[in-house]
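Asker: One file is attached below, query.cif, containing mmCIF, C-alpha atoms.
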```cif
data_protein
#
loop_
_atom_site.label_atom_id
_atom_site.label_comp_id
_atom_site.auth_asym_id
_atom_site.auth_seq_id
_atom_site.Cartn_x
_atom_site.Cartn_y
_atom_site.Cartn_z
CA MET A 1 -17.36 -85.07 21.01
CA ARG A 2 -16.54 -81.87 19.20
CA GLN A 3 -14.89 -79.03 21.07
CA ASP A 4 -17.84 -76.74 20.19
CA ASP A 5 -20.22 -78.94 22.25
CA ASP A 6 -18.83 -77.37 25.43
CA ARG A 7 -19.43 -73.82 24.25
CA ILE A 8 -22.40 -71.71 25.25
CA ASP A 9 -24.96 -70.83 22.58
CA LEU A 10 -25.76 -67.20 23.32
CA ASP A 11 -29.18 -67.49 21.65
CA THR A 12 -30.31 -70.13 24.15
CA SER A 13 -28.17 -69.37 27.21
CA LEU A 14 -30.27 -68.44 30.23
CA GLY A 15 -27.20 -66.96 31.93
CA TYR A 16 -26.51 -64.69 28.96
CA LEU A 17 -30.17 -63.62 28.82
CA LEU A 18 -30.10 -62.84 32.56
CA LYS A 19 -27.04 -60.66 32.00
CA GLU A 20 -28.76 -58.89 29.11
CA ALA A 21 -31.88 -58.31 31.24
CA SER A 22 -29.72 -57.03 34.10
CA SER A 23 -27.96 -54.61 31.77
CA ALA A 24 -31.26 -53.34 30.32
CA LEU A 25 -32.73 -52.92 33.82
CA ARG A 26 -29.65 -51.04 35.00
CA ALA A 27 -29.78 -48.67 32.01
CA ALA A 28 -33.50 -48.00 32.52
CA MET A 29 -33.01 -47.35 36.25
CA GLU A 30 -30.06 -45.06 35.60
CA SER A 31 -32.12 -43.04 33.13
CA VAL A 32 -34.89 -42.35 35.67
CA LEU A 33 -32.56 -41.78 38.64
CA ARG A 34 -30.08 -39.47 36.90
CA PRO A 35 -32.51 -36.51 36.73
CA LEU A 36 -33.03 -36.93 40.49
CA GLY A 37 -29.28 -36.64 41.06
CA MET A 38 -28.99 -40.27 42.12
CA THR A 39 -27.16 -43.39 41.11
CA ILE A 40 -28.50 -46.92 41.52
CA THR A 41 -26.20 -47.40 44.52
CA HIS A 42 -27.48 -44.15 46.05
CA TYR A 43 -31.09 -45.30 45.59
CA SER A 44 -30.29 -48.81 46.88
CA CYS A 45 -28.72 -47.38 50.03
CA LEU A 46 -31.77 -45.22 50.79
CA GLU A 47 -34.16 -48.10 50.07
CA LEU A 48 -32.20 -50.47 52.29
CA LEU A 49 -32.21 -47.95 55.14
CA ALA A 50 -35.96 -47.39 54.78
CA GLN A 51 -36.65 -51.11 54.97
CA ARG A 52 -33.93 -51.98 57.49
CA PRO A 53 -33.10 -48.93 59.63
CA GLY A 54 -29.80 -48.93 61.47
CA LEU A 55 -27.73 -50.96 59.01
CA SER A 56 -23.99 -50.52 59.23
CA ASN A 57 -21.69 -49.50 56.38
CA SER A 58 -20.73 -53.15 55.81
CA GLU A 59 -24.34 -54.34 55.76
CA LEU A 60 -25.32 -51.58 53.34
CA ALA A 61 -22.37 -52.40 51.08
CA ARG A 62 -23.41 -56.07 50.92
CA GLY A 63 -27.04 -55.13 50.23
CA ALA A 64 -26.10 -52.70 47.46
CA PHE A 65 -23.43 -55.00 45.96
CA VAL A 66 -20.57 -52.52 46.37
CA THR A 67 -17.36 -52.40 48.42
CA ARG A 68 -17.32 -51.09 51.98
CA GLN A 69 -15.08 -48.26 50.81
CA SER A 70 -17.55 -47.20 48.10
CA MET A 71 -20.44 -47.33 50.56
CA ASN A 72 -18.51 -45.29 53.12
CA VAL A 73 -17.90 -42.54 50.54
CA LEU A 74 -21.61 -42.59 49.62
CA LEU A 75 -22.73 -42.48 53.27
CA GLN A 76 -20.49 -39.47 53.90
CA ALA A 77 -22.07 -37.70 50.92
CA LEU A 78 -25.58 -38.62 52.11
CA GLU A 79 -24.74 -37.25 55.55
CA ARG A 80 -23.49 -33.98 54.01
CA ASP A 81 -26.68 -33.55 51.98
CA GLY A 82 -28.86 -34.30 55.00
CA SER A 83 -30.38 -37.57 53.76
CA VAL A 84 -28.77 -39.81 56.39
CA THR A 85 -27.55 -39.48 59.95
CA ARG A 86 -25.03 -41.62 61.81
CA PRO A 87 -23.88 -41.28 65.40
CA ALA A 88 -20.49 -39.67 66.02
CA GLU A 89 -19.44 -42.74 68.00
CA ALA A 90 -20.46 -46.37 67.64
CA PRO A 91 -22.97 -47.44 70.29
CA VAL A 92 -21.42 -50.93 70.28
CA GLY A 93 -18.25 -52.09 68.53
CA LYS A 94 -17.17 -50.04 65.51
CA ALA A 95 -20.36 -49.99 63.43
CA LEU A 96 -22.12 -46.65 62.96
CA PRO A 97 -25.79 -47.46 62.33
CA ALA A 98 -27.28 -45.19 59.66
CA GLN A 99 -30.78 -43.73 59.70
CA LEU A 100 -32.79 -41.91 57.04
CA THR A 101 -33.74 -38.32 57.77
CA ALA A 102 -36.96 -36.64 56.63
CA ARG A 103 -35.03 -35.31 53.62
CA GLY A 104 -33.78 -38.82 52.87
CA ARG A 105 -37.33 -40.18 52.96
CA GLU A 106 -38.54 -37.45 50.58
CA ARG A 107 -35.74 -38.21 48.12
CA LEU A 108 -36.42 -41.94 48.44
CA ASP A 109 -40.15 -41.50 47.79
CA GLU A 110 -39.40 -39.72 44.51
CA ALA A 111 -36.77 -42.29 43.47
CA SER A 112 -38.94 -45.26 44.47
CA ALA A 113 -41.78 -44.04 42.27
CA ALA A 114 -39.40 -43.69 39.33
CA VAL A 115 -37.85 -47.13 39.87
CA ARG A 116 -41.28 -48.72 40.38
CA GLY A 117 -42.28 -47.32 36.99
CA VAL A 118 -39.31 -49.10 35.42
CA GLU A 119 -40.27 -52.37 37.11
CA VAL A 120 -43.90 -52.04 36.00
CA ARG A 121 -42.71 -51.47 32.43
CA MET A 122 -40.36 -54.46 32.66
CA LEU A 123 -43.14 -56.77 33.84
CA SER A 124 -45.91 -55.37 31.61
CA GLY A 125 -45.82 -58.29 29.20
CA MET A 126 -46.19 -60.92 31.95
CA THR A 127 -49.26 -62.23 33.73
CA PRO A 128 -49.24 -62.32 37.54
CA GLY A 129 -48.68 -66.09 37.33
CA GLU A 130 -45.70 -65.63 35.02
CA GLN A 131 -44.26 -63.00 37.35
CA GLU A 132 -44.57 -65.36 40.32
CA ALA A 133 -42.97 -68.21 38.35
CA ALA A 134 -40.09 -65.92 37.31
CA LEU A 135 -39.58 -64.86 40.93
CA ARG A 136 -39.46 -68.49 42.07
CA ALA A 137 -37.07 -69.45 39.27
CA LEU A 138 -34.68 -66.57 39.95
CA ARG A 139 -34.66 -67.29 43.69
CA SER A 140 -33.89 -70.92 42.93
CA MET A 141 -30.99 -69.92 40.67
CA VAL A 142 -29.51 -67.62 43.32
CA ARG A 143 -29.85 -70.31 45.98
CA ALA A 144 -28.19 -72.94 43.78
CA LEU A 145 -25.23 -70.69 42.99
CA ARG A 146 -24.76 -69.58 46.59
CA ASP A 147 -25.10 -73.11 47.97
CA ASP A 148 -22.31 -74.31 45.67
CA ALA A 149 -20.02 -71.48 46.78
#
```
Would you mind writing the file out in structure tokens?
Answerer:
Amino acid sequence: MRQDDDRIDLDTSLGYLLKEASSALRAAMESVLRPLGMTITHYSCLELLAQRPGLSNSELARGAFVTRQSMNVLLQALERDGSVTRPAEAPVGKALPAQLTARGRERLDEASAAVRGVEVRMLSGMTPGEQEAALRALRSMVRALRDDA
């Protein structure tokens, strides 16, 4: 066996292609969110709170794939701009559940439309059946990697 047999061929590597797709998606999302004064993490936080009101800093950080410290800084900024509210004291334990305000919902609506446009563009070359198959395949990949961890 040659040493090269253990190397990854970038032209046929699914992992490399996933990384390339992730990078292209991130760049496209950044380009539509930047004019709205948002980052992807900012948008993710608002979207998570809209779909799961009352998440804590730690839960939001996990959902947005950032550190707790980064999320705390973002939440403080979102509170200052009136997009999010948190109680002054934790109702139970130490977690301060966050809620979207009316301003936060307005900002999210605008950002969601922009991000949805990126997703529509990304999927435009796929049939509904291909989109469903891709969704199943990606979920399977995530499950396999998390199960092994």
Asker: I'd like the residues picked by the PyMOL selection byres ((chain A and resi 86) around 10) written out as a PyMOL selection string, using the chain letters and numbers from the file.
Answerer: chain A and resi 54+56+75-76+79+84-85+87-90+95-100
Asker: Which residue is closest to A:Arg34? Choose from A:Leu14, A:Val92, A:Ala111, A:Leu55 and count only C-alpha atoms.
Answerer: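 Looking at the shortest contact to A:Arg34, the residue is A:Ala111.
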Asker: Determine the residue membership of the PyMOL selection byres ((chain A and resi 28) around 12) for the file above and supply it as an MDAnalysis selection string.
Answerer: chainID A and resid 21:27 29:34 39:40 114:122
Asker: Between A:Asp81, A:Asp9, A:Leu17, A:Leu138, which one has atoms that come closest to A:Ala102, using all atoms listed in the file?
Answerer: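 Checking each candidate against A:Ala102, we get A:Asp81 as the closest.
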Asker: Hey, which of A:Met141, A:Leu18, A:Ala133, A:Cys45 ends up closest to A:Leu74? Count only C-alpha atoms.
Answerer: A:Cys45
Asker: Excluding same-chain residues fewer than 2 positions from stretch 67-69 of chain A, what lies within 7 Å of it counting all atoms listed in the file, as a PyMOL selection string?
Answerer: chain A and resi 57-58+61+71-73
Asker: In Å, how far is it from atom CA of A:Ala144 to atom CA of A:Gly15?
Answerer: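 Between these atoms lies a distance of 13.3 Å.
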Asker: To one decimal in Å, tell me the separation between atom CA of A:Ser112 and atom CA of A:Arg80.
Answerer: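 Atom-to-atom, atom CA of A:Ser112 to atom CA of A:Arg80, that is 21.4 Å.
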Asker: A:Asp5, A:Glu47, A:Glu130, A:Glu110: which is nearest A:Leu60, counting all atoms listed in the file?
Answerer: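 The answer is A:Glu47, which sits nearest to A:Leu60.
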Asker: So how many Å separate atom CA of A:Lys19 and atom CA of A:Gly129, to one decimal?
Answerer: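 If I compute the distance from atom CA of A:Lys19 to atom CA of A:Gly129, I get 22.9 Å.
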Asker: Of the residues A:Gly63, A:Ala77, A:Met126, A:Pro35, which is the one nearest to A:Gly104, using only C-alpha atoms?
Answerer: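 Nearest to A:Gly104: A:Ala77.
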Asker: Enclose stretch 17-22 of chain A, meaning all of its atoms listed in the file, in a box aligned along x, y and z, pad it by 3 Å on each side, and list the centre and edge lengths in Å to one decimal, as JSON.
Answerer:
```
{"center_x": -29.5, "center_y": -60.3, "center_z": 31.5, "size_x": 10.8, "size_y": 12.6, "size_z": 11.3}
```
Asker: Taking all heavy atoms as the atom set, what does stretch 64-75 of chain A look like once completed, written as a CSV table (one decimal), keeping the file's coordinate frame?
Answerer:
```csv
chain,number,residue,atom,x,y,z
A,64,ALA,N,-26.1,-53.5,48.7
A,64,ALA,CA,-26.1,-52.7,47.5
A,64,ALA,C,-25.1,-53.3,46.5
A,64,ALA,O,-24.9,-52.7,45.4
A,64,ALA,CB,-25.8,-51.2,47.8
A,65,PHE,N,-24.4,-54.3,46.8
A,65,PHE,CA,-23.4,-55.0,46.0
A,65,PHE,C,-22.3,-54.1,45.6
A,65,PHE,O,-21.8,-54.1,44.4
A,65,PHE,CB,-24.1,-55.6,44.7
A,65,PHE,CG,-25.3,-56.4,45.0
A,65,PHE,CD1,-26.6,-55.9,44.7
A,65,PHE,CD2,-25.2,-57.6,45.5
A,65,PHE,CE1,-27.7,-56.6,45.0
A,65,PHE,CE2,-26.4,-58.4,45.8
A,65,PHE,CZ,-27.6,-57.9,45.5
A,66,VAL,N,-21.7,-53.4,46.6
A,66,VAL,CA,-20.6,-52.5,46.4
A,66,VAL,C,-19.6,-52.8,47.5
A,66,VAL,O,-19.9,-53.5,48.5
A,66,VAL,CB,-20.9,-51.0,46.3
A,66,VAL,CG1,-21.8,-50.7,45.2
A,66,VAL,CG2,-21.5,-50.5,47.6
A,67,THR,N,-18.4,-52.2,47.4
A,67,THR,CA,-17.4,-52.4,48.4
A,67,THR,C,-17.7,-51.5,49.6
A,67,THR,O,-18.5,-50.6,49.5
A,67,THR,CB,-16.0,-52.0,47.9
A,67,THR,OG1,-16.0,-50.6,47.6
A,67,THR,CG2,-15.6,-52.8,46.7
A,68,ARG,N,-17.1,-51.9,50.8
A,68,ARG,CA,-17.3,-51.1,52.0
A,68,ARG,C,-16.8,-49.7,51.8
A,68,ARG,O,-17.4,-48.7,52.2
A,68,ARG,CB,-16.6,-51.8,53.2
A,68,ARG,CG,-17.3,-53.0,53.7
A,68,ARG,CD,-16.7,-53.5,55.0
A,68,ARG,NE,-15.3,-53.4,55.1
A,68,ARG,CZ,-14.4,-54.4,54.9
A,68,ARG,NH1,-14.9,-55.6,54.6
A,68,ARG,NH2,-13.1,-54.2,55.0
A,69,GLN,N,-15.7,-49.6,51.1
A,69,GLN,CA,-15.1,-48.3,50.8
A,69,GLN,C,-16.0,-47.4,50.0
A,69,GLN,O,-16.2,-46.2,50.3
A,69,GLN,CB,-13.7,-48.4,50.1
A,69,GLN,CG,-12.7,-49.1,50.9
A,69,GLN,CD,-12.7,-50.6,50.9
A,69,GLN,OE1,-13.6,-51.2,50.3
A,69,GLN,NE2,-11.7,-51.2,51.5
A,70,SER,N,-16.6,-48.0,48.9
A,70,SER,CA,-17.6,-47.2,48.1
A,70,SER,C,-18.8,-46.8,48.9
A,70,SER,O,-19.2,-45.6,48.8
A,70,SER,CB,-18.0,-48.0,46.9
A,70,SER,OG,-16.9,-48.3,46.0
A,71,MET,N,-19.3,-47.7,49.8
A,71,MET,CA,-20.4,-47.3,50.6
A,71,MET,C,-20.1,-46.2,51.6
A,71,MET,O,-20.9,-45.4,51.8
A,71,MET,CB,-21.0,-48.6,51.3
A,71,MET,CG,-22.3,-48.3,52.1
A,71,MET,SD,-23.6,-47.5,51.1
A,71,MET,CE,-24.1,-48.8,50.0
A,72,ASN,N,-18.9,-46.3,52.1
A,72,ASN,CA,-18.5,-45.3,53.1
A,72,ASN,C,-18.5,-43.9,52.5
A,72,ASN,O,-19.0,-42.9,53.1
A,72,ASN,CB,-17.2,-45.6,53.7
A,72,ASN,CG,-16.9,-44.8,54.9
A,72,ASN,OD1,-17.7,-44.6,55.8
A,72,ASN,ND2,-15.7,-44.2,55.0
A,73,VAL,N,-17.9,-43.8,51.3
A,73,VAL,CA,-17.9,-42.5,50.5
A,73,VAL,C,-19.3,-42.1,50.3
A,73,VAL,O,-19.6,-40.9,50.5
A,73,VAL,CB,-17.1,-42.7,49.2
A,73,VAL,CG1,-17.3,-41.5,48.3
A,73,VAL,CG2,-15.6,-42.9,49.5
A,74,LEU,N,-20.2,-43.0,49.9
A,74,LEU,CA,-21.6,-42.6,49.6
A,74,LEU,C,-22.3,-42.1,50.9
A,74,LEU,O,-23.0,-41.1,50.9
A,74,LEU,CB,-22.4,-43.8,49.0
A,74,LEU,CG,-23.9,-43.5,48.8
A,74,LEU,CD1,-24.1,-42.3,47.9
A,74,LEU,CD2,-24.5,-44.8,48.2
A,75,LEU,N,-22.1,-42.9,52.0
A,75,LEU,CA,-22.7,-42.5,53.3
A,75,LEU,C,-22.3,-41.1,53.7
A,75,LEU,O,-23.1,-40.3,54.2
A,75,LEU,CB,-22.4,-43.5,54.3
A,75,LEU,CG,-23.3,-44.8,54.3
A,75,LEU,CD1,-22.8,-45.8,55.2
A,75,LEU,CD2,-24.8,-44.5,54.6
```
